[in-house]
Amino acid sequence: MTNTQGAVAAAFVALADPTRRQIFERLGQRTRSVGEVAAGLPVTRPAVSQHLRVLADAGLVTHEREGTRRVYRIDPRGLEMMRAYLDRFWDRALAAFKAAAEAEGEAEAGERR
Amino acid sequence: MSGVPPVRKELVVAATAERAFQVFTDGIDRWWPRQHHIGSSPLRREVLEPGVGGRWYGLSEDGTECDVGKVLVWEPPHRLVLAWQITSDWKFDPAFLTEVEVTFTAEGPKKTRLVLEHRDLHRYGLAEPAYRKSIDSPEGGWGWILQRFTEEAAR
């Protein structure tokens, strides 16, 4: 859990930058080269490369060789973060559920008295 | 990707199974986390309609309804299976389905064991074309999820 939280924190910091977030979302559509990512963005290619490096360091994107070029894609380990989110969500929700169910029980006992 | 383990939770509640089931379903609004709402305005009420096929949705302050899923199995007071149809860009998608199964087992006069399993999480995997398309959204995407998670983690 601690590792997940650390990874999530790193991912969150990486995505706090709107340009990086835009880049990340473009990669959600399909794999792209640096040039393809940069096309239409108001930043230079070297700047895009730098952003991609930050995203990769945060575990959000990964890259591979495709012929002579390097293409980037979203790292599927993000799936584990989704699972971690739901894990945490249900902890929280069920704690609230337990409180509600037991409070109801008390109310009922009170009425009977 | 299909080897993603389900999220599984187990807890004991000091209430009868009947009451636990009732609070979980009819009383969902009393415990559903308020910040877990996908609508554009704050959540006014969380609703889980009784019976198989019953809708599960949040009613926003502005009157709009945001679907979460529906009831797949309704066996009061022992078992409930819900469809959780929220994609990772936090939108309802009727074509997307993960299951939440909840069982209520009486262990004493006022003691019930609840087991919750949220499964089929591999469907959040990035491999499926429909899913890949779903994360192509200017407002949603992983960034949004990560933000929510970080907020949760900081609580």
# chains A, B, ... in the order shown; residues from 1 in each chain; ligands from 1
call {"tool": "residues_around", "arguments": {"residues": "segment 11-16 of chain B", "least_positions_apart": "4", "cutoff": "7 Å", "atoms": "only C-alpha atoms", "output": "ChimeraX atom specification"}}
result
/A:98,101-102,105 /B:20,106,109-115
call {"tool": "residues_around", "arguments": {"residues": "Lys9 of chain B", "least_positions_apart": "3", "cutoff": "10 Å", "atoms": "only C-alpha atoms", "output": "list in words"}}
result
Asp87, Trp90, Asp91 and Leu94 of chain A; Pro6, Val102, Leu114, Val115, Leu116, Glu117 and His118 of chain B
call {"tool": "residues_around", "arguments": {"residues": "Arg79 of chain B", "least_positions_apart": "5", "cutoff": "7 Å", "atoms": "only C-alpha atoms", "output": "PyMOL selection string"}}
result
chain B and resi 74+102-104
call {"tool": "write_last_selection", "arguments": {"atoms": "C-alpha atoms", "output": "mmCIF file, in the first residue's frame"}}
result
data_model
loop_
_atom_site.group_PDB
_atom_site.id
_atom_site.type_symbol
_atom_site.label_atom_id
_atom_site.label_comp_id
_atom_site.auth_asym_id
_atom_site.auth_seq_id
_atom_site.Cartn_x
_atom_site.Cartn_y
_atom_site.Cartn_z
ATOM 1 C CA TRP B 74 -31.339 -9.602 -5.203
ATOM 2 C CA VAL B 102 -22.037 -8.655 -1.144
ATOM 3 C CA THR B 103 -23.026 -11.461 1.198
ATOM 4 C CA PHE B 104 -24.547 -11.068 4.653
#
call {"tool": "atom_distance", "arguments": {"atom1": "atom CA of Ile86 of chain B", "atom2": "atom CA of Ile23 of chain A"}}
result
23.6 Å
call {"tool": "residues_around", "arguments": {"residues": "Asp62 of chain B", "least_positions_apart": "2", "cutoff": "10 Å", "atoms": "only C-alpha atoms", "output": "PyMOL selection string"}}
result
chain B and resi 39-44+59-60+64-65
call {"tool": "write_last_selection", "arguments": {"atoms": "C-alpha atoms", "output": "JSON list (two decimals), in the first residue's frame"}}
result
[["chain", "number", "residue", "atom", "x", "y", "z"],
["B", 39, "GLY", "CA", -22.19, 14.41, -11.43],
["B", 40, "SER", "CA", -21.55, 18.05, -12.19],
["B", 41, "SER", "CA", -23.21, 19.27, -9.00],
["B", 42, "PRO", "CA", -23.07, 17.87, -5.43],
["B", 43, "LEU", "CA", -24.82, 14.63, -4.58],
["B", 44, "ARG", "CA", -28.27, 15.09, -3.08],
["B", 59, "LEU", "CA", -29.21, 12.22, -7.76],
["B", 60, "SER", "CA", -27.41, 15.56, -8.04],
["B", 64, "THR", "CA", -29.55, 15.22, -12.92],
["B", 65, "GLU", "CA", -29.13, 11.50, -12.35]]
call {"tool": "closest_residue", "arguments": {"among": "B:Tyr124, B:Trp56, B:Phe96, B:Trp84", "to": "chain A", "atoms": "only C-alpha atoms"}}
result
B:Tyr124
call {"tool": "closest_residue", "arguments": {"among": "B:Glu75, B:Asp120, B:Glu61, B:Glu18", "to": "Leu97 of chain B", "atoms": "only C-alpha atoms"}}
result
B:Asp120
call {"tool": "atom_distance", "arguments": {"atom1": "atom CA of His63 of chain A", "atom2": "atom CA of Val48 of chain A"}}
result
13.9 Å
call {"tool": "closest_residue", "arguments": {"among": "A:Ala47, A:Leu52, A:Ala58, A:Leu15", "to": "chain B", "atoms": "only C-alpha atoms"}}
result
A:Leu15
call {"tool": "residues_around", "arguments": {"residues": "segment 23-35 of chain B", "least_positions_apart": "6", "cutoff": "7 Å", "atoms": "only C-alpha atoms", "output": "list in words"}}
result
Ala93, Ala96, Phe97, Ala100 and Ala101 of chain A; Leu43, Arg45, Glu46, Val47 and Leu48 of chain B
call {"tool": "write_last_selection", "arguments": {"atoms": "C-alpha atoms", "output": "CSV table (one decimal), in the first residue's frame"}}
result
chain,number,residue,atom,x,y,z
A,93,ALA,CA,-17.5,3.1,2.3
A,96,ALA,CA,-19.4,4.3,7.0
A,97,PHE,CA,-21.9,1.5,6.3
A,100,ALA,CA,-24.9,3.5,9.8
A,101,ALA,CA,-26.1,-0.1,10.3
B,43,LEU,CA,-24.8,14.6,-4.6
B,45,ARG,CA,-29.1,11.4,-2.7
B,46,GLU,CA,-27.7,8.0,-3.6
B,47,VAL,CA,-30.3,5.5,-4.7
B,48,LEU,CA,-30.4,1.8,-5.1
call {"tool": "select_by_dssp", "arguments": {"residues": "segment 30-124 of chain B", "states": "helix (DSSP H, G or I)", "output": "short mmCIF file (atom, residue, chain, number, x, y, z; two decimals) with C-alpha atoms, in the first residue's frame"}}
result
data_model
loop_
_atom_site.label_atom_id
_atom_site.label_comp_id
_atom_site.auth_asym_id
_atom_site.auth_seq_id
_atom_site.Cartn_x
_atom_site.Cartn_y
_atom_site.Cartn_z
CA ARG B 30 -26.87 7.13 4.67
CA LEU B 121 -11.20 -5.58 -12.54
CA HIS B 122 -9.12 -6.82 -15.47
CA ARG B 123 -11.75 -5.05 -17.53
CA TYR B 124 -10.06 -1.84 -16.50
#
call {"tool": "closest_residue", "arguments": {"among": "B:Ala83, B:Val73, B:Cys66, B:Val100", "to": "chain A", "atoms": "only C-alpha atoms"}}
result
B:Val100
